[in-house]
Amino acid sequence: DRLAIEMSSGARAGTRGKADAQRAALERDDAASELESTARAGHALARELARWLGLAPDALPEVSLPDSGEPEAPAADDSLRVLAVFAGAPEIAAAQLDTQRARLDVDVARRRRETQLTLALDAGLWGTDLTASVPEALRAEQPGATFSDRLRRDLGASAALRFRLPLLDPAAPHDVAGRVAAGEVANLRALGVASEARRAALELLDRWRDAARRVRRARASVALAEENLLRLRSLHASGSAPLLELLDGRRELDDTRARLAEARFDARLARLEAEER
């Protein structure tokens with residue numbers, strides 16, 4: 001606005017060209033349109049945030065800058081923590097459980113073809129009345145009976161010897177082979193899930209590290225662009241620099257600030273993704 005007013009006043013006074021005044025007016029209109037578009041996008045994001053926060057649709061919560069300084073690259077402790085968190089993902093545990101289940105299936109299939117000899121021992125008290133040390137029926141038969149009398153009468157034990165010889169089953173070897181193959185597939189799947197989780201962790205750390213480096217470079221670029229714009233303003237005020245160079249310097253500053261904001265967003269987003277796990 002100030003530049004457009006200055007160029008318009010200079011054109012009327014004859015010290016500036018009419019083309020410069022028109023170009024400044026066009027740049028002002030472009031900046032105003034960009035500002036309006038940014039405001040509309042901000043309102044849309046605020047309404048989306050209000051929806052997630054359970055607020056009214058017409059509520060526009062304000063988002064303030066974080067208290068922390070510029071985002072830094074992940075330290076060694078951050079990298080180890082992210083790798084450990086991704087390594088303990090539920091998907092990996094489920095895949096490992098499928099592998100163990102497949103191994104058990106193979107063992108069961110193999111045991112069905114083996115000769116088995118089983119010894120079973122059992123001991124206990126006869127009858128169902130376990131609420132009293134001496135049942136009423138025993139008292140009626142033997143007045144004054146004690147718990148020892150009940151043990152002599154009801155205590156018993158049994159032993160069983162079972163011998164199992166499976167018959168010839170032509171499908172048994174194929175069943176075992178199929179279960180072994182299924183176990184290998186489950187093992188490969190578990191390895192793949194673990195590898196994918198580690199790959200995702202490394203990718204997240206790379207994005208975090210790259211964004212932090214881009215923040216440092218963008219901050220340096222913003223400082224240089226601000227210095228360059230200040231120099232061009234002085235030159236333009238003295239008539240040594242044309243209007244186009246001044247506008248180009250302003251555009252370069254806007255671009256570097258946009259890159260800085262994008263790099264900050266990417267770095268903070270990567271950090272949040274690492275912390276929320």
# chains A, B, ... in the order shown; residues from 1 in each chain; ligands from 1
>>> residues_around(residues="A:Ala19", least_positions_apart="2", cutoff="12 Å", atoms="only C-alpha atoms", output="list in words")
Ala4, Met7, Ser8, Gly10, Ala11, Arg12, Gly14, Arg16, Gly17, Ala21, Gln22, Arg23, Ala24, Ala25, Leu26, Pro242, Leu243 and Leu244 of chain A
>>> write_last_selection(atoms="N, CA, C and O atoms", output="CSV table (one decimal), in the first residue's frame")
chain,number,residue,atom,x,y,z
A,4,ALA,N,2.5,1.6,-3.4
A,4,ALA,CA,1.6,2.1,-4.4
A,4,ALA,C,1.2,3.6,-4.3
A,4,ALA,O,1.2,4.3,-5.3
A,7,MET,N,4.3,5.5,-5.5
A,7,MET,CA,4.5,5.6,-6.9
A,7,MET,C,3.4,6.4,-7.6
A,7,MET,O,3.6,7.2,-8.6
A,8,SER,N,2.2,6.4,-7.1
A,8,SER,CA,1.1,7.2,-7.6
A,8,SER,C,1.3,8.7,-7.4
A,8,SER,O,1.1,9.5,-8.3
A,10,GLY,N,4.3,10.0,-7.0
A,10,GLY,CA,5.4,10.4,-7.9
A,10,GLY,C,5.0,10.5,-9.3
A,10,GLY,O,5.5,11.4,-10.1
A,11,ALA,N,4.1,9.7,-9.8
A,11,ALA,CA,3.6,9.8,-11.2
A,11,ALA,C,2.8,11.1,-11.4
A,11,ALA,O,3.0,11.8,-12.4
A,12,ARG,N,2.0,11.5,-10.4
A,12,ARG,CA,1.3,12.8,-10.5
A,12,ARG,C,2.2,14.0,-10.5
A,12,ARG,O,2.0,15.0,-11.2
A,14,GLY,N,5.3,13.9,-11.6
A,14,GLY,CA,6.2,13.8,-12.7
A,14,GLY,C,7.5,13.3,-12.4
A,14,GLY,O,8.4,13.2,-13.3
A,16,ARG,N,8.0,10.1,-11.2
A,16,ARG,CA,8.0,8.7,-11.4
A,16,ARG,C,7.2,8.4,-12.7
A,16,ARG,O,6.3,9.2,-13.1
A,17,GLY,N,7.5,7.3,-13.3
A,17,GLY,CA,6.8,7.0,-14.5
A,17,GLY,C,5.4,6.4,-14.2
A,17,GLY,O,5.2,5.8,-13.2
A,21,ALA,N,3.9,3.3,-11.5
A,21,ALA,CA,2.7,3.4,-10.6
A,21,ALA,C,1.7,2.2,-10.9
A,21,ALA,O,1.2,1.7,-9.9
A,22,GLN,N,1.5,1.9,-12.2
A,22,GLN,CA,0.6,0.8,-12.5
A,22,GLN,C,1.2,-0.5,-12.0
A,22,GLN,O,0.4,-1.4,-11.5
A,23,ARG,N,2.5,-0.7,-12.1
A,23,ARG,CA,3.1,-2.0,-11.7
A,23,ARG,C,3.0,-2.1,-10.1
A,23,ARG,O,2.7,-3.2,-9.6
A,24,ALA,N,3.2,-1.0,-9.4
A,24,ALA,CA,3.0,-1.1,-8.0
A,24,ALA,C,1.6,-1.4,-7.6
A,24,ALA,O,1.3,-2.1,-6.6
A,25,ALA,N,0.6,-0.8,-8.3
A,25,ALA,CA,-0.8,-1.0,-8.1
A,25,ALA,C,-1.1,-2.5,-8.3
A,25,ALA,O,-1.9,-3.1,-7.5
A,26,LEU,N,-0.6,-3.1,-9.4
A,26,LEU,CA,-0.8,-4.5,-9.7
A,26,LEU,C,-0.2,-5.4,-8.6
A,26,LEU,O,-0.9,-6.4,-8.1
A,242,PRO,N,15.8,0.4,-10.1
A,242,PRO,CA,14.5,0.5,-10.6
A,242,PRO,C,13.4,-0.2,-9.7
A,242,PRO,O,13.8,-1.0,-8.8
A,243,LEU,N,12.2,0.0,-10.1
A,243,LEU,CA,11.1,-0.6,-9.3
A,243,LEU,C,11.1,-2.1,-9.4
A,243,LEU,O,10.8,-2.8,-8.4
A,244,LEU,N,11.4,-2.6,-10.5
A,244,LEU,CA,11.4,-4.1,-10.7
A,244,LEU,C,12.4,-4.8,-9.7
A,244,LEU,O,12.1,-5.8,-9.2
>>> residues_around(residues="A:Asp98", least_positions_apart="3", cutoff="9 Å", atoms="only C-alpha atoms", output="list in words")
Ala93, Ala94, Ala95, Arg101, Ala102, Arg103, Gly183, Ala186, Asn187 and Ala190 of chain A
>>> write_last_selection(atoms="all heavy atoms", output="PDB file, in the first residue's frame")
ATOM      1  N   ALA A  93       4.296 -57.685  17.019  1.00  0.00           N
ATOM      2  CA  ALA A  93       3.929 -58.693  18.016  1.00  0.00           C
ATOM      3  C   ALA A  93       2.900 -59.680  17.460  1.00  0.00           C
ATOM      4  O   ALA A  93       2.984 -60.891  17.700  1.00  0.00           O
ATOM      5  CB  ALA A  93       3.386 -58.015  19.274  1.00  0.00           C
ATOM      6  N   ALA A  94       1.931 -59.179  16.695  1.00  0.00           N
ATOM      7  CA  ALA A  94       0.934 -60.071  16.102  1.00  0.00           C
ATOM      8  C   ALA A  94       1.568 -61.011  15.092  1.00  0.00           C
ATOM      9  O   ALA A  94       1.232 -62.206  15.035  1.00  0.00           O
ATOM     10  CB  ALA A  94      -0.168 -59.238  15.440  1.00  0.00           C
ATOM     11  N   ALA A  95       2.510 -60.502  14.284  1.00  0.00           N
ATOM     12  CA  ALA A  95       3.183 -61.365  13.305  1.00  0.00           C
ATOM     13  C   ALA A  95       4.035 -62.424  13.997  1.00  0.00           C
ATOM     14  O   ALA A  95       4.068 -63.583  13.568  1.00  0.00           O
ATOM     15  CB  ALA A  95       4.035 -60.511  12.373  1.00  0.00           C
ATOM     16  N   ARG A 101       2.392 -69.650  16.585  1.00  0.00           N
ATOM     17  CA  ARG A 101       1.227 -70.520  16.405  1.00  0.00           C
ATOM     18  C   ARG A 101       1.469 -71.517  15.279  1.00  0.00           C
ATOM     19  O   ARG A 101       1.078 -72.688  15.357  1.00  0.00           O
ATOM     20  CB  ARG A 101      -0.003 -69.663  16.117  1.00  0.00           C
ATOM     21  CG  ARG A 101      -1.308 -70.451  16.077  1.00  0.00           C
ATOM     22  CD  ARG A 101      -2.484 -69.561  15.778  1.00  0.00           C
ATOM     23  NE  ARG A 101      -2.733 -68.617  16.839  1.00  0.00           N
ATOM     24  CZ  ARG A 101      -2.523 -67.321  16.764  1.00  0.00           C
ATOM     25  NH1 ARG A 101      -2.044 -66.798  15.642  1.00  0.00           N
ATOM     26  NH2 ARG A 101      -2.783 -66.517  17.783  1.00  0.00           N
ATOM     27  N   ALA A 102       2.124 -71.058  14.214  1.00  0.00           N
ATOM     28  CA  ALA A 102       2.438 -71.970  13.106  1.00  0.00           C
ATOM     29  C   ALA A 102       3.401 -73.058  13.551  1.00  0.00           C
ATOM     30  O   ALA A 102       3.289 -74.225  13.140  1.00  0.00           O
ATOM     31  CB  ALA A 102       3.015 -71.182  11.935  1.00  0.00           C
ATOM     32  N   ARG A 103       4.362 -72.723  14.392  1.00  0.00           N
ATOM     33  CA  ARG A 103       5.288 -73.742  14.910  1.00  0.00           C
ATOM     34  C   ARG A 103       4.564 -74.770  15.770  1.00  0.00           C
ATOM     35  O   ARG A 103       4.858 -75.970  15.699  1.00  0.00           O
ATOM     36  CB  ARG A 103       6.393 -73.062  15.708  1.00  0.00           C
ATOM     37  CG  ARG A 103       7.349 -72.216  14.858  1.00  0.00           C
ATOM     38  CD  ARG A 103       8.356 -71.500  15.727  1.00  0.00           C
ATOM     39  NE  ARG A 103       9.261 -70.690  14.928  1.00  0.00           N
ATOM     40  CZ  ARG A 103      10.183 -69.870  15.442  1.00  0.00           C
ATOM     41  NH1 ARG A 103      10.314 -69.777  16.770  1.00  0.00           N
ATOM     42  NH2 ARG A 103      10.961 -69.179  14.637  1.00  0.00           N
ATOM     43  N   GLY A 183       4.358 -72.225   8.274  1.00  0.00           N
ATOM     44  CA  GLY A 183       5.224 -71.621   9.286  1.00  0.00           C
ATOM     45  C   GLY A 183       6.309 -70.759   8.682  1.00  0.00           C
ATOM     46  O   GLY A 183       6.633 -69.686   9.207  1.00  0.00           O
ATOM     47  N   ALA A 186       4.719 -67.545   7.628  1.00  0.00           N
ATOM     48  CA  ALA A 186       4.471 -66.676   8.781  1.00  0.00           C
ATOM     49  C   ALA A 186       5.764 -66.041   9.280  1.00  0.00           C
ATOM     50  O   ALA A 186       5.778 -64.863   9.665  1.00  0.00           O
ATOM     51  CB  ALA A 186       3.809 -67.483   9.902  1.00  0.00           C
ATOM     52  N   ASN A 187       6.856 -66.819   9.248  1.00  0.00           N
ATOM     53  CA  ASN A 187       8.146 -66.263   9.670  1.00  0.00           C
ATOM     54  C   ASN A 187       8.598 -65.156   8.725  1.00  0.00           C
ATOM     55  O   ASN A 187       9.072 -64.092   9.161  1.00  0.00           O
ATOM     56  CB  ASN A 187       9.191 -67.371   9.729  1.00  0.00           C
ATOM     57  CG  ASN A 187      10.500 -66.892  10.315  1.00  0.00           C
ATOM     58  OD1 ASN A 187      10.516 -66.089  11.238  1.00  0.00           O
ATOM     59  ND2 ASN A 187      11.603 -67.369   9.777  1.00  0.00           N
ATOM     60  N   ALA A 190       6.568 -62.090   9.387  1.00  0.00           N
ATOM     61  CA  ALA A 190       7.020 -61.385  10.591  1.00  0.00           C
ATOM     62  C   ALA A 190       8.289 -60.588  10.318  1.00  0.00           C
ATOM     63  O   ALA A 190       8.431 -59.442  10.760  1.00  0.00           O
ATOM     64  CB  ALA A 190       7.251 -62.383  11.721  1.00  0.00           C
TER      65      ALA A 190
END
>>> select_by_dssp(residues="stretch 14-245 of chain A", states="alpha helix (DSSP H)", output="ChimeraX atom specification")
/A:18-53,76-87,90-111,136-141,147-154,172-237,243-245
>>> residues_around(residues="A:Ala225", least_positions_apart="3", cutoff="10 Å", atoms="only C-alpha atoms", output="list of chain:residue names")
A:Arg219, A:Ala220, A:Ser221, A:Val222, A:Asn228, A:Leu229, A:Leu230, A:Arg231, A:Gly249, A:Arg250, A:Arg251, A:Glu252, A:Leu253, A:Asp254, A:Asp255, A:Thr256, A:Arg257
>>> write_last_selection(atoms="C-alpha atoms", output="CSV table (one decimal), in the first residue's frame")
chain,number,residue,atom,x,y,z
A,219,ARG,CA,16.7,-18.8,8.5
A,220,ALA,CA,20.0,-17.8,6.9
A,221,SER,CA,18.2,-17.1,3.6
A,222,VAL,CA,15.6,-14.9,5.3
A,228,ASN,CA,19.0,-7.3,0.4
A,229,LEU,CA,15.6,-5.7,0.5
A,230,LEU,CA,16.8,-3.0,2.9
A,231,ARG,CA,19.6,-2.2,0.5
A,249,GLY,CA,13.7,-8.3,-3.7
A,250,ARG,CA,10.4,-8.2,-1.8
A,251,ARG,CA,9.3,-11.4,-3.6
A,252,GLU,CA,12.5,-13.1,-2.7
A,253,LEU,CA,11.9,-12.3,0.9
A,254,ASP,CA,8.4,-13.6,0.8
A,255,ASP,CA,9.6,-16.9,-0.8
A,256,THR,CA,12.3,-17.4,1.8
A,257,ARG,CA,9.8,-16.8,4.6
>>> closest_residue(among="A:Arg162, A:Arg40, A:Arg207, A:Arg51", to="A:Ala274", atoms="only C-alpha atoms")
A:Arg207
